[in-house]
Amino acid sequence: MILRKVVLIFSGALILALQACNSGVKSPAASPEVSNLASTIVAMTFQAATQLASQSSDVLTSAPVATPTSKPILYINNNVQCRTGTKTNFKVVTTFMPGTIVDIVGKNTVDSAWLVPVPNSPETCWVLAQDASPSGSYESLPEVTPQPSTQKAPSIPGSISWPFICSYVQGNVYEVKINLSWTNLANDANGYRVYRSNTQIADLPATTTKFTDTTNVDLGAQLTYSVEAYNDAGVSPRKSITINSICK
């Protein structure tokens with residue numbers, strides 16, 4: 001567009017100069033006054049065209065370039081329990097399977113967690129950063145701080161029962177199936193964690209007070225199981241049982 005304007009201006013100047021030169025019909029050569037006038041018109045036209053091109057070029061080169069942005073999303077890497085807060089003691093709202101993709105609506109940098117919508121619900125829940133990978137323009141997401149808990153730490157679970165069945169495998173090895181169950185004394189838990197020999201083997205909702213564990217043991221071995229309750233405020237002491245000389 002700029003080049004076209006310059007060409008039109010230059011062409012108009014040439015036409016005016018030619019008309020001025022041809023206006024004197026009495027002689028093949030135009031008068032000095034006419035020639036000087038034509039030269040002046042051409043020079044002024046070139047100057048104006050050069051200034052126009054320079055100004056237009058400056059506008060083009062200084063124009064801001066739009067930066068494309070993409071919607072912040074979260075790719076779930078593991079089996080994820082999405083909770084009401086940024087800690088593992090908070091209540092589980094929903095579970096995401098590996099490969100699930102969800103939107104991100106907020107972040108908590110201190111606790112390394114992402115705030116995401118609960119599918120088919122107006123609620124939101126938190127996914128720990130270690131379990132997912134963000135994508136898109138997530139850097140600009142707002143920082144969100146969960147509401148402080150008004151709860152107190154839950155009571156210790158009640159007594160545990162542990163009927164079990166042993167099945168022979170080979171040599172001195174037996175498969176044992178242990179049916180653990182316990183009582184909820186205070187109804188103040190978000191969930192329960194079950195441990196075998198101090199290793200966590202289950203994380204259960206508060207509505208579940210039973211768990212079946214199947215493992216291989218040597219004849220006459222000893223097994224220790226523990227159950228703890230948790231909620232937004234913390235974790236209860238563990239209730240433990242020990243089974244001696246199992247499958248003897």
# chains A, B, ... in the order shown; residues from 1 in each chain; ligands from 1

call {"tool": "residues_around", "arguments": {"residues": "Asp218 of chain A", "least_positions_apart": "3", "cutoff": "6 Å", "atoms": "only C-alpha atoms", "output": "JSON, numbers by chain"}}
result
{"A": [172, 173, 221]}

call {"tool": "write_last_selection", "arguments": {"atoms": "N, CA and C atoms", "output": "compact mmCIF listing (two decimals), in the first residue's frame"}}
result
# COMPACT_ATOMS: atom_id res chain seq x y z
N ASN A 172 7.98 -73.31 52.91
CA ASN A 172 7.45 -72.72 54.15
C ASN A 172 6.60 -71.47 53.88
N VAL A 173 6.25 -71.24 52.63
CA VAL A 173 5.53 -70.02 52.25
C VAL A 173 4.02 -70.28 52.22
N ALA A 221 5.47 -66.66 60.83
CA ALA A 221 5.91 -65.26 60.82
C ALA A 221 4.98 -64.39 61.67

call {"tool": "residues_around", "arguments": {"residues": "segment 112-125 of chain A", "least_positions_apart": "2", "cutoff": "7 Å", "atoms": "only C-alpha atoms", "output": "VMD selection string"}}
result
chain A and resid 82 to 86 93 102 to 110 127 to 129

call {"tool": "write_last_selection", "arguments": {"atoms": "N, CA and C atoms", "output": "PDB file, in the first residue's frame"}}
result
ATOM      1  N   CYS A  82      -8.336 -36.273  44.337  1.00  0.00           N
ATOM      2  CA  CYS A  82      -8.500 -34.817  44.331  1.00  0.00           C
ATOM      3  C   CYS A  82      -9.231 -34.422  45.615  1.00  0.00           C
ATOM      4  N   ARG A  83      -8.604 -33.548  46.402  1.00  0.00           N
ATOM      5  CA  ARG A  83      -9.083 -33.281  47.760  1.00  0.00           C
ATOM      6  C   ARG A  83      -9.592 -31.844  47.936  1.00  0.00           C
ATOM      7  N   THR A  84     -10.243 -31.612  49.074  1.00  0.00           N
ATOM      8  CA  THR A  84     -10.783 -30.283  49.387  1.00  0.00           C
ATOM      9  C   THR A  84      -9.697 -29.296  49.774  1.00  0.00           C
ATOM     10  N   GLY A  85      -8.492 -29.765  50.044  1.00  0.00           N
ATOM     11  CA  GLY A  85      -7.372 -28.910  50.399  1.00  0.00           C
ATOM     12  C   GLY A  85      -6.082 -29.405  49.787  1.00  0.00           C
ATOM     13  N   THR A  86      -4.995 -28.719  50.105  1.00  0.00           N
ATOM     14  CA  THR A  86      -3.710 -29.004  49.465  1.00  0.00           C
ATOM     15  C   THR A  86      -2.887 -30.055  50.211  1.00  0.00           C
ATOM     16  N   VAL A  93     -12.555 -35.671  47.213  1.00  0.00           N
ATOM     17  CA  VAL A  93     -13.779 -35.277  46.513  1.00  0.00           C
ATOM     18  C   VAL A  93     -14.034 -36.210  45.331  1.00  0.00           C
ATOM     19  N   VAL A 102      -7.735 -32.256  32.713  1.00  0.00           N
ATOM     20  CA  VAL A 102      -8.698 -31.354  33.346  1.00  0.00           C
ATOM     21  C   VAL A 102      -8.210 -29.921  33.225  1.00  0.00           C
ATOM     22  N   ASP A 103      -9.132 -28.967  33.313  1.00  0.00           N
ATOM     23  CA  ASP A 103      -8.773 -27.551  33.318  1.00  0.00           C
ATOM     24  C   ASP A 103      -8.128 -27.193  34.655  1.00  0.00           C
ATOM     25  N   ILE A 104      -7.329 -26.118  34.649  1.00  0.00           N
ATOM     26  CA  ILE A 104      -6.764 -25.573  35.887  1.00  0.00           C
ATOM     27  C   ILE A 104      -7.351 -24.179  36.097  1.00  0.00           C
ATOM     28  N   VAL A 105      -7.840 -23.910  37.316  1.00  0.00           N
ATOM     29  CA  VAL A 105      -8.435 -22.597  37.607  1.00  0.00           C
ATOM     30  C   VAL A 105      -7.661 -21.829  38.674  1.00  0.00           C
ATOM     31  N   GLY A 106      -6.675 -22.465  39.310  1.00  0.00           N
ATOM     32  CA  GLY A 106      -5.891 -21.779  40.328  1.00  0.00           C
ATOM     33  C   GLY A 106      -4.693 -22.615  40.737  1.00  0.00           C
ATOM     34  N   LYS A 107      -3.827 -22.026  41.546  1.00  0.00           N
ATOM     35  CA  LYS A 107      -2.630 -22.733  41.998  1.00  0.00           C
ATOM     36  C   LYS A 107      -2.273 -22.302  43.413  1.00  0.00           C
ATOM     37  N   ASN A 108      -1.513 -23.158  44.090  1.00  0.00           N
ATOM     38  CA  ASN A 108      -0.945 -22.818  45.396  1.00  0.00           C
ATOM     39  C   ASN A 108       0.524 -23.182  45.338  1.00  0.00           C
ATOM     40  N   THR A 109       1.365 -22.181  45.139  1.00  0.00           N
ATOM     41  CA  THR A 109       2.789 -22.410  44.935  1.00  0.00           C
ATOM     42  C   THR A 109       3.456 -22.955  46.189  1.00  0.00           C
ATOM     43  N   VAL A 110       3.028 -22.488  47.359  1.00  0.00           N
ATOM     44  CA  VAL A 110       3.648 -22.916  48.614  1.00  0.00           C
ATOM     45  C   VAL A 110       3.492 -24.424  48.811  1.00  0.00           C
ATOM     46  N   VAL A 127      -5.206 -30.989  43.256  1.00  0.00           N
ATOM     47  CA  VAL A 127      -4.327 -32.072  42.809  1.00  0.00           C
ATOM     48  C   VAL A 127      -2.892 -31.677  43.127  1.00  0.00           C
ATOM     49  N   LEU A 128      -2.147 -32.565  43.764  1.00  0.00           N
ATOM     50  CA  LEU A 128      -0.751 -32.267  44.073  1.00  0.00           C
ATOM     51  C   LEU A 128       0.083 -32.246  42.795  1.00  0.00           C
ATOM     52  N   ALA A 129       1.034 -31.307  42.740  1.00  0.00           N
ATOM     53  CA  ALA A 129       1.847 -31.125  41.532  1.00  0.00           C
ATOM     54  C   ALA A 129       2.641 -32.372  41.181  1.00  0.00           C
TER      55      ALA A 129
END

call {"tool": "select_by_dssp", "arguments": {"residues": "segment 105-174 of chain A", "states": "helix (DSSP H, G or I)", "output": "ChimeraX atom specification"}}
result
/A:129-131,138-140

call {"tool": "residues_around", "arguments": {"residues": "segment 234-237 of chain A", "least_positions_apart": "4", "cutoff": "7 Å", "atoms": "only C-alpha atoms", "output": "MDAnalysis selection string"}}
result
chainID A and resid 89 153:156 228:230

call {"tool": "atom_distance", "arguments": {"atom1": "atom CA of Thr94 of chain A", "atom2": "atom CA of Leu180 of chain A"}}
result
24.8 Å

call {"tool": "residues_around", "arguments": {"residues": "Pro72 of chain A", "least_positions_apart": "3", "cutoff": "6 Å", "atoms": "only C-alpha atoms", "output": "list in words"}}
result
Ile104, Ser135, Gly136, Ser137 and Tyr138 of chain A

call {"tool": "write_last_selection", "arguments": {"atoms": "N, CA and C atoms", "output": "JSON list (two decimals), in the first residue's frame"}}
result
[["chain", "number", "residue", "atom", "x", "y", "z"],
["A", 104, "ILE", "N", -7.33, -26.12, 34.65],
["A", 104, "ILE", "CA", -6.76, -25.57, 35.89],
["A", 104, "ILE", "C", -7.35, -24.18, 36.10],
["A", 135, "SER", "N", 0.05, -27.61, 31.45],
["A", 135, "SER", "CA", 0.34, -27.14, 30.10],
["A", 135, "SER", "C", -0.48, -25.89, 29.85],
["A", 136, "GLY", "N", -0.06, -25.09, 28.84],
["A", 136, "GLY", "CA", -0.77, -23.86, 28.53],
["A", 136, "GLY", "C", -0.25, -22.69, 29.35],
["A", 137, "SER", "N", -1.03, -21.63, 29.43],
["A", 137, "SER", "CA", -0.60, -20.39, 30.10],
["A", 137, "SER", "C", -0.93, -20.45, 31.59],
["A", 138, "TYR", "N", -0.38, -21.44, 32.29],
["A", 138, "TYR", "CA", -0.69, -21.63, 33.71],
["A", 138, "TYR", "C", 0.08, -20.66, 34.61]]
